[in-house]
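To start, the structure itself, in structure tokens.
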Amino acid sequence: MTGRTWEYEGYDPEQERLRESLCTLGNGYFATRGALPECAADDVHYPGTYAAGCYNRLTSEVAGRRVENEDMVNLPNWLPLRFRLPGQAWLTPDVVDVLDHRLVLHMASGLLERRTRYDLGAGRVLGVRQLRLVHMADPHLAALRTEFTAEGFTGELEVEAAVDGEVTNSGVARYRDLDGRHLTHVHTGTAEADVVWLRCRTRTSDIRIGMAARTTAGVPVVARHTERGVVQRMRLELSAGGQATVDKTVALHTSHDPAISDPLHAAVDRVSRAPGFDDLLETHLTAWDQLWRRADLDVPAEAGGILRLHLFHVLQTLSPHTADLDVGVPARGLHGEAYRGHVFWDELFVLPYLNLHFPEVSRALLRYRHRRLEEACSAARAIGRRGALYPWQSGSDGREETQRLHLNPRSGRWLPDHSRLQHHVGSAIAYNVWQYCESSGDTEFRDTKAAEMLLQIARFWADSATWDEDLGRHRIKGVMGPDEYHDAYPGAPEPGLDDNAYTNVTAAWVLTRTLELLQSLPEPRRRELMERTGLDGGELEQWEDVSRTLHVPFHEGVISQFEGYGDLTELDWDGYRKRYDDIRRLDRILEAEGDTVNRYQASKQADVLMLGYLFSPAELRSLFERLGYRLDDGTWRRTVDHYLARTSHGSTLSGLVHGWVLARARRAEAWTFCQEALRGDIADLQGGTTGEGIHLGAMAGTLDLVQRGLTGLETRQGALWLDPVPLPELSSYGFAIRYQGHWGVQLRLEREQLEVTVPPSDGAPIDILLPDRAVSLQPGETGRLTLPG
């Protein structure tokens with residue numbers, strides 16, 4: 001690894017799926033895994049291609065029940081390009097000796113370079129060098145250049161390039177009992193001598209897909225059509241030491257695309273007009289250069305290289321092209337089929353970074369939620385509530401996509417899945433809406449779509465709260481928190497927990513912020529909104545009351561994760577660590593033993609401590625004061641210690657949150673958790689899951705850890721608030737942000753000095769608030785601020 005490349009040496013079948021995920025190339029519209037083009041999908045290789053928002057729904061028989069799942073569809077495979085000496089087997093690293101093999105992901109340029117030397121025997125070696133791109137300027141194009149070099153022989157090489165429609169969703173082993181054949185009506189054809197095409201559609205969502213490929217090699221190319229694909233054959237004459245080049249350019253369109261009448265016609269037309277590889281590369285490099293100028297982080301040493309890899313994958317999943325799409329934040333990127341490509345709450349960890357670099361992308365992702373507001377309101381009505389109940393897992397149309405059953409690979413048992421009770425996803429959406437408006441200054445969005453979403457989410461929370469005469473407080477019952485291990489009380493006949501602290505505090509925050517927003521709206525707009533939604537003064541009084549009286553449980557001087565948490569049994573953590581190499585998925589371990597994690601004070605990931613991730617210490621204290629509780633430093637410190645000792649970190653988000661919280665508390669162990677967050681995917685700490693798709697929230701969260709966590713950066717009340725944390729392991733770093741119309745505001749921290757530069761423009765000055773002072777910087781000014789000791 002260098003600051004600008006990510007490299008793998010040697011061929012290792014056991015690591016191939018991991019490498020394919022981390023070498024995925026994409027442009028926000030579609031992405032293709034970093035699989036070797038000569039290798040078909042099997043237990044080692046998985047060459048998946050996915051388009052943002054392209055879903056299909058199928059029904060399968062599981063454990064004697066019919067189960068419906070919606071999946072992000074694995075599209076026709078455009079990669080295949082295989083080669084061999086005449087009359088011999090096709091060459092792959094699984095059947096022929098490999099002398100050298102190297103993969104280099106060029107992050108600065110969005111290129112995947114591959115070099116392999118195949119041993120053909122008798123002193124003959126075939127060198128293969130490939131350059132691959134998924135075009136960042138034209139989101140519908142991809143290209144593959146393959147250079148063959150003969151070492152120690154002269155002769156003919158047979159080459160086949162293909163577009164393969166015989167693909168299924170089979171990239172996740174635990175889903176393989178489910179129906180994964182999403183494509184139907186596969187047809188192929190030839191448009192020109194070197195251009196072939198494939199069209200198909202999804203089985204139930206009826207999304208039409210058109211893919212066209214142009215292959216050039218300086219020799220005749222002959223097309224052969226198979227039942228579900230098309231192959232282009234050519235014969236290359238190789239001389240000893242000489243080189244032959246094959247260029248393959250592909251165009252992809254779907255019926256979701258605007259301004260086209262037919263995906264197939266659009267794909268054939270686009271690939272026919274596309275320039276050659278060298279010209280495509282030039283415009284691709286320009287587009288990536290522009291992205292890096294807007295988003296790059298300057299962080300030294302190994303951490304900087306990993307952060308740049310994380311940023312690279314965020315930009316490939318959510319690029320400026322995403323702003324033109326109706327899509328959300330897929331939790332595993334466009335990099336694989338884990339979580340079926342669904343949208344969870346991961347935008348909570350992604351949008352804070354995008355807000356300050358690509359606010360147009362954040363706006364589009366929030367519009368995905370707004371377009372599904374009506375469906376969320378229908379979901380609330382279905383359980384007898386007012387307002388909006390957003391789904392824990394979302395896909396194409398906003399209905400709840402959370403599965404009813406999930407498989408425990410340890411026990412082989414299919415178990416009930418109650419995670420749809422994680423209603424706190426609504427608070428995450430509200431938080432993202434608020435943060436976007438604060439950082440972008442987008443008053444049009446704030447006063448229209450943002451206000452509509454906040455109002456309905458607040459309404460749901462107020463209607464979910466029930467008054468408890470004995471406590472003299474409102475309660476929210478029958479939910480799940482972010483922890484996910486706990487979905488019921490021990491022995492309870494029904495799932496759900498009462499008064500999850502994270503849920504109740506964030507619900508109070510939503511109600512408070514929504515009341516503020518309604519008060520600040522222009523009077524005509526406020527009247528219009530209240531008339532459309534039936535909101536009246538009595539309901540607003542209820543919101544005010546609930547926002548001040550929601551119950552937050554405590555036990556032994558710490559915040560309880562939920563009511564009754566302190567009564568649960570303590571787990572023998574040391575014993576389980578001795579018995580098992582990895583206890584991150586403690587829930588699966590206990591279930592396989594015939595036990596349940598519901599009995600224990602044990603969490604999968606940060607739950608209560610998420611409050612310290614979302615809110616600064618001052619804001620969190622203020623929230624608790626509004627609720628009538630005193631949250632002093634000692635109580636929070638005891639709370640942090642309590643859950644640090646009782647969390648297994650079964651999610652990549654957990655280390656990130658703990659690192660953030662500990663850094664803000666200026667605790668020495670913060671860097672240990674920060675490192676875990678940085679290494680989560682590259683070291684595959686979750687035990688094989690990265691090969692099924694990256695963890696986008698954790699990757700974006702590490703970027704935001706540097707951007708907001710360590711700087712204490714907040715965007716509120718029309719100002720930039722900064723309270724830097726002196727983390728010895730990361731004492732020098734810099735980045736640029738886009739803030740309320742100012743492009744490229746530079747921030748750099750060098751130990752005790754903070755430097756802020758506002759680029760020249762005709763914009764307003766930026767107010768900057770530090771703990772001990774306030775400064776105002778005009779466009780074109782640089783402020784050098786010595787931090788308090």
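Each chain in the structure tokens gets a letter, A, B and so on, in the order shown; residues start at 1 in every chain, and ligands are counted from 1 in the order they appear.
Neighbouring residues of Tyr629 (chain A) at 12 Å or closer, counting only C-alpha atoms and skipping chain neighbours under 5 positions away, are Val505, Arg548, Thr549, Leu550, His551, Val552, Pro553, Phe554, Ile559, Leu620, Arg621, Ser622, Leu623, Phe624 and Thr635 of chain A.
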Exercise: region 208-220 of chain A partners within 6 Å, only C-alpha atoms, chain neighbours under 4 positions left out, as a list in words = Asp194, Val195, Val196, Trp197, Leu198, Arg199, Cys200, Arg201, Thr245, Val246, Asp247, Lys248, Thr249, Val250, Ala251, Leu252, His253, Thr254, Ser255, Pro263, Leu264, Ala267 and Val268 of chain A
Can you list every residue of region 484-538 of chain A that has an atom at most 10 Å from region 448-471 of chain A, with its nearest atom pair and the distance in Å to one decimal, using only C-alpha atoms, ordered by chain then number, as CSV?
residue,atom,partner,partner_atom,distance
A:Asp499,CA,A:Ala465,CA,9.7
A:Thr503,CA,A:Trp461,CA,9.6
A:Asn504,CA,A:Trp461,CA,8.8
A:Thr506,CA,A:Trp461,CA,9.8
A:Ala507,CA,A:Trp461,CA,6.1
A:Ala508,CA,A:Trp461,CA,8.3
A:Trp509,CA,A:Ala458,CA,9.2
A:Val510,CA,A:Ala458,CA,5.8
A:Leu511,CA,A:Ala458,CA,5.1
A:Thr512,CA,A:Ala458,CA,8.7
A:Arg513,CA,A:Leu454,CA,8.4
A:Thr514,CA,A:Leu454,CA,5.9
A:Leu515,CA,A:Leu455,CA,8.6
A:Leu517,CA,A:Ala451,CA,7.2
A:Leu518,CA,A:Ala451,CA,7.5
A:Leu521,CA,A:Ala451,CA,8.8
A:Arg525,CA,A:Thr448,CA,8.2
A:Arg526,CA,A:Ala451,CA,9.3
A:Leu529,CA,A:Glu452,CA,7.5
A:Met530,CA,A:Leu455,CA,9.6
A:Arg532,CA,A:Glu452,CA,9.8
A:Thr533,CA,A:Gln456,CA,8.6
A:Leu535,CA,A:Leu455,CA,9.0
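In terms of minimum interatomic distance to Pro300 (chain A), A:Leu730 ranks closest within A:Gly741, A:Asn355, A:Leu730, A:Asp704, counting only C-alpha atoms.
When only C-alpha atoms are used to compute distances to Ala668 (chain A), the closest of the residues A:Gly305, A:Pro80, A:Pro617, A:Pro728 turns out to be A:Pro728.
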Minimum-distance residue to Leu696 (chain A), chosen among A:Thr647, A:Ser239, A:Thr317, A:Thr184 (using only C-alpha atoms) = A:Thr317
request  = List every residue of region 181-298 of chain A that DSSP, applied to the backbone, labels as strand (DSSP E), and write the result as a VMD selection string.
outcome  = chain A and resid 183 to 192 195 to 202 208 to 216 222 to 226 229 to 238 243 to 254 297 to 298
